[in-house]
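Structure file run14.csv (CSV, C-alpha atoms) is printed below.
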chain,number,residue,atom,x,y,z
L,1,MET,CA,0.7,134.4,99.4
L,2,MET,CA,-1.9,132.4,101.4
L,3,MET,CA,-0.9,134.1,104.6
L,4,SER,CA,-1.4,137.6,103.1
L,5,ARG,CA,-4.8,136.5,101.8
L,6,MET,CA,-5.8,135.2,105.2
L,7,LEU,CA,-4.8,138.5,106.8
L,8,GLU,CA,-6.5,140.6,104.1
L,9,SER,CA,-9.7,141.1,106.0
L,10,PHE,CA,-8.0,142.1,109.3
L,11,SER,CA,-7.6,145.8,110.1
L,12,TRP,CA,-7.3,147.9,113.2
L,13,LYS,CA,-10.8,149.3,112.4
L,14,GLY,CA,-12.2,145.8,112.2
L,15,VAL,CA,-10.6,144.7,115.5
L,16,ALA,CA,-11.8,147.9,117.2
L,17,ALA,CA,-15.3,147.3,115.9
L,18,PHE,CA,-15.2,143.7,117.3
L,19,PHE,CA,-14.2,144.9,120.8
L,20,LEU,CA,-16.8,147.6,120.7
L,21,PHE,CA,-19.4,144.9,119.7
L,22,ALA,CA,-18.3,142.7,122.6
L,23,ALA,CA,-18.4,145.6,125.1
L,24,ALA,CA,-21.9,146.7,123.8
L,25,LEU,CA,-23.3,143.2,124.1
L,26,SER,CA,-21.9,142.8,127.6
L,27,ALA,CA,-23.4,146.1,128.7
L,28,TRP,CA,-26.7,145.1,127.2
L,29,SER,CA,-26.7,141.8,129.1
L,30,TRP,CA,-25.5,143.5,132.3
L,31,SER,CA,-28.4,146.1,132.1
L,32,GLY,CA,-30.8,143.3,133.1
L,33,VAL,CA,-29.4,143.5,136.7
L,34,LEU,CA,-30.8,147.0,137.0
L,35,LEU,CA,-34.3,145.5,136.9
L,36,VAL,CA,-33.7,143.2,139.9
L,37,ASP,CA,-35.0,144.4,143.2
L,38,LYS,CA,-31.9,143.2,145.0
L,39,ASP,CA,-29.3,145.8,145.7
L,40,HIS,CA,-25.7,145.2,144.5
L,41,THR,CA,-22.5,147.0,145.3
L,42,PHE,CA,-20.4,148.7,142.7
L,43,ALA,CA,-17.8,146.0,143.0
L,44,GLU,CA,-20.4,143.3,142.3
L,45,HIS,CA,-21.7,145.2,139.3
L,46,ALA,CA,-18.1,145.6,138.0
L,47,GLU,CA,-17.3,142.0,138.6
L,48,TYR,CA,-20.4,140.8,136.8
L,49,LEU,CA,-19.8,143.2,133.9
L,50,LEU,CA,-16.2,142.0,133.5
L,51,SER,CA,-17.3,138.4,133.6
L,52,LEU,CA,-19.8,139.1,130.8
L,53,LEU,CA,-17.1,140.8,128.8
L,54,GLN,CA,-14.8,137.9,129.2
L,55,ARG,CA,-17.5,135.4,128.2
L,56,ASN,CA,-18.4,137.4,125.1
L,57,LEU,CA,-14.8,137.8,124.1
L,58,LEU,CA,-14.2,134.1,124.4
L,59,SER,CA,-17.5,133.2,122.6
L,60,TYR,CA,-17.1,135.6,119.6
L,61,PHE,CA,-13.4,136.1,119.1
L,62,PRO,CA,-12.9,132.6,117.5
L,63,VAL,CA,-15.8,133.3,115.3
L,64,TYR,CA,-14.3,136.6,114.2
L,65,LEU,CA,-11.0,135.0,113.5
L,66,ALA,CA,-12.5,132.1,111.5
L,67,VAL,CA,-14.8,134.3,109.4
L,68,ALA,CA,-12.2,136.9,108.7
L,69,MET,CA,-9.6,134.4,107.6
L,70,THR,CA,-12.1,132.6,105.4
L,71,ASP,CA,-13.3,135.9,104.0
L,72,GLY,CA,-9.7,136.7,102.9
L,73,LEU,CA,-9.1,133.2,101.4
L,74,THR,CA,-12.3,133.0,99.5
L,75,ARG,CA,-12.4,136.3,97.7
L,76,GLY,CA,-13.7,135.8,94.2
L,77,MET,CA,-14.4,132.1,94.8
L,78,ARG,CA,-17.6,130.3,93.9
L,79,HIS,CA,-19.9,129.2,96.7
L,80,ARG,CA,-18.2,131.7,99.0
L,81,ARG,CA,-21.3,132.0,101.2
L,82,TRP,CA,-21.1,128.3,102.1
L,83,PHE,CA,-17.5,128.7,103.1
L,84,LEU,CA,-18.4,131.7,105.3
L,85,ALA,CA,-21.3,129.8,106.9
L,86,GLY,CA,-19.0,126.9,107.6
L,87,ALA,CA,-16.4,129.3,109.1
L,88,LEU,CA,-19.2,130.7,111.4
L,89,ALA,CA,-20.2,127.2,112.6
L,90,LEU,CA,-16.5,126.2,113.1
L,91,GLY,CA,-15.8,129.4,115.1
L,92,VAL,CA,-18.8,128.8,117.3
L,93,LEU,CA,-17.9,125.2,118.1
L,94,LEU,CA,-14.2,126.2,118.8
L,95,ALA,CA,-15.4,129.0,121.1
L,96,VAL,CA,-17.0,126.4,123.4
L,97,GLN,CA,-13.6,124.6,123.6
L,98,VAL,CA,-11.8,127.9,124.3
L,99,ARG,CA,-14.1,128.7,127.1
L,100,CYS,CA,-13.6,125.2,128.5
L,101,ALA,CA,-9.8,125.7,128.4
L,102,VAL,CA,-10.0,129.1,130.1
L,103,SER,CA,-12.7,128.5,132.8
L,104,PRO,CA,-13.4,124.8,133.0
L,105,ASN,CA,-15.0,124.5,136.4
L,106,THR,CA,-17.1,127.6,136.4
L,107,MET,CA,-20.6,126.8,137.6
L,108,TYR,CA,-23.7,127.9,135.8
L,109,TRP,CA,-27.4,127.5,136.4
L,110,VAL,CA,-29.0,125.1,134.0
L,111,TYR,CA,-32.4,125.0,135.5
L,112,ALA,CA,-33.9,126.9,138.4
L,113,THR,CA,-32.4,124.6,141.0
L,114,VAL,CA,-29.6,122.8,139.1
L,115,GLN,CA,-26.0,124.0,138.7
L,116,LEU,CA,-23.4,122.3,136.5
L,117,PRO,CA,-19.8,123.1,135.7
L,118,PHE,CA,-19.2,124.5,132.2
L,119,CYS,CA,-16.9,121.5,131.5
L,120,SER,CA,-14.9,119.1,133.5
L,121,THR,CA,-12.5,117.8,130.9
L,122,PHE,CA,-10.8,119.3,127.8
L,123,PRO,CA,-11.8,118.9,125.1
L,124,THR,CA,-15.4,118.9,126.1
L,125,TRP,CA,-18.4,117.4,124.3
L,126,ARG,CA,-20.9,117.3,127.1
L,127,THR,CA,-21.1,121.1,127.2
L,128,TYR,CA,-22.8,121.2,123.8
L,129,PHE,CA,-25.7,119.2,125.4
L,130,ASP,CA,-25.7,120.7,128.8
L,131,PHE,CA,-25.4,124.3,127.6
L,132,PRO,CA,-26.8,124.5,124.1
L,133,ALA,CA,-27.1,128.3,124.3
L,134,THR,CA,-23.3,128.5,124.3
L,135,PHE,CA,-23.3,127.8,120.6
L,136,ILE,CA,-26.9,128.6,119.5
L,137,THR,CA,-26.7,132.2,120.7
L,138,PRO,CA,-23.3,133.0,119.1
L,139,PHE,CA,-24.3,131.3,115.9
L,140,THR,CA,-27.5,133.4,115.7
L,141,VAL,CA,-25.9,136.7,116.7
L,142,GLY,CA,-22.8,136.1,114.6
L,143,GLY,CA,-24.9,135.2,111.6
L,144,LEU,CA,-26.9,138.5,111.9
L,145,VAL,CA,-23.7,140.5,112.3
L,146,MET,CA,-22.3,138.8,109.2
L,147,ILE,CA,-25.4,139.6,107.1
L,148,PHE,CA,-25.1,143.2,108.2
L,149,VAL,CA,-21.4,143.6,107.6
L,150,PHE,CA,-21.2,141.8,104.3
L,151,GLY,CA,-24.4,143.4,103.1
L,152,ARG,CA,-22.9,146.9,103.7
L,153,ARG,CA,-19.7,145.9,102.0
L,154,ARG,CA,-21.5,144.6,99.0
L,155,ASP,CA,-23.5,147.8,98.8
L,156,ALA,CA,-20.3,149.9,99.0
L,157,GLU,CA,-18.7,147.8,96.3
L,158,LEU,CA,-21.7,148.1,94.0
L,159,ALA,CA,-21.8,151.9,94.6
L,160,ALA,CA,-18.1,152.1,93.8
L,161,ALA,CA,-18.5,150.0,90.6
L,162,LEU,CA,-21.5,152.2,89.5
L,163,HIS,CA,-19.5,155.4,90.1
L,164,LYS,CA,-16.6,154.0,88.1
L,165,VAL,CA,-18.9,153.1,85.2
L,166,ARG,CA,-20.4,156.5,85.2
L,167,THR,CA,-17.0,158.2,85.4
L,168,THR,CA,-15.9,156.1,82.4
L,169,GLN,CA,-19.0,157.0,80.4
L,170,LEU,CA,-18.5,160.7,81.2
L,171,GLU,CA,-14.9,160.6,80.2
L,172,ALA,CA,-15.7,158.8,76.9
L,173,ARG,CA,-18.5,161.4,76.2
L,174,ARG,CA,-16.1,164.3,76.9
L,175,SER,CA,-13.4,162.8,74.7
L,176,ARG,CA,-16.0,162.3,71.9
L,177,ILE,CA,-17.2,165.9,72.2
L,178,GLU,CA,-13.7,167.3,72.2
L,179,ALA,CA,-12.9,165.2,69.1
L,180,ASP,CA,-16.0,166.5,67.3
L,181,LEU,CA,-15.1,170.0,68.2
L,182,ALA,CA,-11.5,169.6,67.1
L,183,ALA,CA,-12.8,168.0,63.8
L,184,MET,CA,-15.2,170.8,63.2
L,185,HIS,CA,-12.6,173.4,64.0
L,186,ALA,CA,-10.3,171.8,61.4
L,187,ARG,CA,-13.1,172.0,58.8
L,188,VAL,CA,-14.0,175.6,59.5
L,189,ASP,CA,-11.6,178.3,58.7
L,190,PRO,CA,-11.8,181.0,61.5
L,191,ASP,CA,-10.6,183.8,59.1
L,192,LYS,CA,-13.1,182.8,56.5
L,193,LEU,CA,-15.9,182.7,59.1
L,194,SER,CA,-15.1,186.2,60.3
L,195,ALA,CA,-15.1,187.5,56.8
L,196,THR,CA,-18.4,185.8,56.1
L,197,LEU,CA,-20.0,187.3,59.2
L,198,ARG,CA,-18.8,190.8,58.2
L,199,SER,CA,-20.2,190.2,54.7
L,200,ILE,CA,-23.6,189.2,56.2
L,201,ARG,CA,-23.6,192.3,58.3
L,202,GLY,CA,-23.0,194.4,55.2
L,203,ARG,CA,-25.8,192.6,53.3
L,204,TYR,CA,-28.2,193.2,56.2
L,205,ASP,CA,-27.4,196.9,55.8
L,206,GLU,CA,-28.2,196.7,52.1
L,207,SER,CA,-31.2,194.3,52.1
L,208,LEU,CA,-32.9,192.3,54.8
L,209,GLU,CA,-33.7,189.5,52.4
L,210,ALA,CA,-30.2,189.2,51.1
L,211,GLY,CA,-28.8,189.2,54.6
L,212,GLU,CA,-31.2,186.4,55.6
L,213,ALA,CA,-30.3,184.3,52.6
L,214,MET,CA,-26.6,184.7,53.3
L,215,LEU,CA,-27.1,183.8,56.9
L,216,ASP,CA,-29.1,180.7,56.0
L,217,ASP,CA,-26.2,179.6,53.7
L,218,LEU,CA,-23.7,180.1,56.5
L,219,ILE,CA,-25.9,178.0,58.9
L,220,ALA,CA,-26.1,175.3,56.3
L,221,ASP,CA,-22.3,175.3,55.9
L,222,LEU,CA,-21.7,175.1,59.6
L,223,ARG,CA,-24.1,172.2,60.0
L,224,GLU,CA,-22.4,170.4,57.2
L,225,ALA,CA,-19.0,171.1,58.9
L,226,ALA,CA,-20.3,169.8,62.2
L,227,ARG,CA,-21.6,166.6,60.7
L,228,PRO,CA,-19.2,163.7,61.3
L,229,PRO,CA,-17.6,162.3,58.2
L,230,PRO,CA,-19.1,159.1,56.8
L,231,VAL,CA,-17.4,155.9,57.9
L,232,GLU,CA,-16.0,154.0,54.9
L,233,PRO,CA,-16.8,150.3,54.9
L,234,GLN,CA,-13.8,148.2,55.6
L,235,ALA,CA,-12.8,145.8,52.9
L,236,SER,CA,-13.2,142.2,53.9
Represent the structure of the file as structure tokens.
Amino acid sequence: MMMSRMLESFSWKGVAAFFLFAAALSAWSWSGVLLVDKDHTFAEHAEYLLSLLQRNLLSYFPVYLAVAMTDGLTRGMRHRRWFLAGALALGVLLAVQVRCAVSPNTMYWVYATVQLPFCSTFPTWRTYFDFPATFITPFTVGGLVMIFVFGRRRDAELAAALHKVRTTQLEARRSRIEADLAAMHARVDPDKLSATLRSIRGRYDESLEAGEAMLDDLIADLREAARPPPVEPQAS
């Protein structure tokens, strides 16, 4: 039961959207190279783009897993937003450890003239201080994406609920009208109505005033028949 709830938020569409997000973010980061005066070969561009894609996958996939599993487990729970925020923070912190396990000795520029390895031991704690952007940036970007995704889902759920309420109201109104028509049809004899209409036509041929009076009587009878019967008070 718990496993099914954990996997409830996973779908092929969601996984594809995540990889598309990682690819788009990598392409956006790579585009900055085009503004540099130095010429690069196609192989260098491809290598840099793939390194960015790997970095983004390692940085955001743990976040995606943590948030998606928490989303499935906390459906309908109170303080659900706090659980999701905690999952976001946990995923960001775990992503640093994942990157350390995959590429521990990769060198990065910290300042203009200083290079440091991403991490030298696993698990790493120094990385959080040497490279604060490794968790600040994913936390910020992941939070914005969560606000967008969950906001759209909430709007869709509200729209679906509103549509359901309107459909229920229309069905109830249609049923009430059909019941009123059936009740009126039961109170009005079609044969008698046809005979009355023929009589009214004959009266109009004889006298306009007599025809008008008979038509008014028929209208009053039809209104009386269309009026719902009084509801009898229930005995206590």
Q: Just the residues within 7 Å of region 192-200 of chain L, please, counting all atoms listed in the file, with nothing from its chain fewer than 2 positions along; format it as a VMD selection string.
A: chain L and resid 189 to 190 202 to 204 211 214 to 215
Q: Tell me, as a VMD selection string, which residues lie within 9 Å of region 47-53 of chain L, counting only C-alpha atoms; anything in the same chain fewer than 6 positions away does not count.
A: chain L and resid 22 to 23 25 to 27 29 to 30
Q) What is the distance between CA of Ala89 (chain L) and CA of Glu8 (chain L), in Å to one decimal? A)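 Calculated distance between CA of Ala89 (chain L) and CA of Glu8 (chain L) is 21.0 Å.
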Q) For Val92 (chain L), which of L:Phe131, L:Arg154, L:Glu224, L:Thr140 is the closest residue, counting only C-alpha atoms? A)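 Under the stated criterion, the closest residue is L:Thr140.
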Q: For CA of Arg99 (chain L) and CA of Arg55 (chain L), determine how far apart the two atoms are, in Å to one decimal place.
A: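 So the answer is 7.6 Å.
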Q. Suppose you want the space between CA of Gly14 (chain L) and CA of Gln97 (chain L); what is it in Å?
A.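 A separation of 24.1 Å between them.
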Would you kindly return, as a PDB file with C-alpha atoms, in the coordinates of the input, each protein, DNA or RNA residue with an atom no farther than 10 Å from any atom of region 110-127 of chain L, considering all atoms listed in the file and excluding same-chain residues fewer than 3 positions away?
ATOM      1  CA  LEU L  93     -17.900 125.200 118.100  1.00  0.00           C
ATOM      2  CA  LEU L  94     -14.200 126.200 118.800  1.00  0.00           C
ATOM      3  CA  VAL L  96     -17.000 126.400 123.400  1.00  0.00           C
ATOM      4  CA  GLN L  97     -13.600 124.600 123.600  1.00  0.00           C
ATOM      5  CA  VAL L  98     -11.800 127.900 124.300  1.00  0.00           C
ATOM      6  CA  ARG L  99     -14.100 128.700 127.100  1.00  0.00           C
ATOM      7  CA  CYS L 100     -13.600 125.200 128.500  1.00  0.00           C
ATOM      8  CA  ALA L 101      -9.800 125.700 128.400  1.00  0.00           C
ATOM      9  CA  SER L 103     -12.700 128.500 132.800  1.00  0.00           C
ATOM     10  CA  PRO L 104     -13.400 124.800 133.000  1.00  0.00           C
ATOM     11  CA  ASN L 105     -15.000 124.500 136.400  1.00  0.00           C
ATOM     12  CA  THR L 106     -17.100 127.600 136.400  1.00  0.00           C
ATOM     13  CA  MET L 107     -20.600 126.800 137.600  1.00  0.00           C
ATOM     14  CA  ASP L 130     -25.700 120.700 128.800  1.00  0.00           C
ATOM     15  CA  PHE L 131     -25.400 124.300 127.600  1.00  0.00           C
ATOM     16  CA  PRO L 132     -26.800 124.500 124.100  1.00  0.00           C
ATOM     17  CA  ALA L 133     -27.100 128.300 124.300  1.00  0.00           C
ATOM     18  CA  THR L 134     -23.300 128.500 124.300  1.00  0.00           C
ATOM     19  CA  PHE L 135     -23.300 127.800 120.600  1.00  0.00           C
TER      20      PHE L 135
END
Q: Rank L:Phe42, L:Phe18, L:Tyr60, L:Trp28 by their smallest atom-to-atom distance to Thr137 (chain L), using only C-alpha atoms, and report the top residue only.
A: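 Smallest distance to Thr137 (chain L) is found for L:Tyr60.
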Please determine an axis-aligned box that encloses all atoms of region 107-110 of chain L listed in the file, with 8 Å added on each side, and express its centre and edge lengths in Å to one decimal as JSON.
{"center_x": -24.8, "center_y": 126.5, "center_z": 135.8, "size_x": 24.4, "size_y": 18.8, "size_z": 19.6}
Q) Which of these residues is nearest to Val67 (chain L), using only C-alpha atoms: L:Val102, L:Leu7, L:Val165, L:Leu35? A)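 For Val67 (chain L), the nearest of the given residues is L:Leu7.
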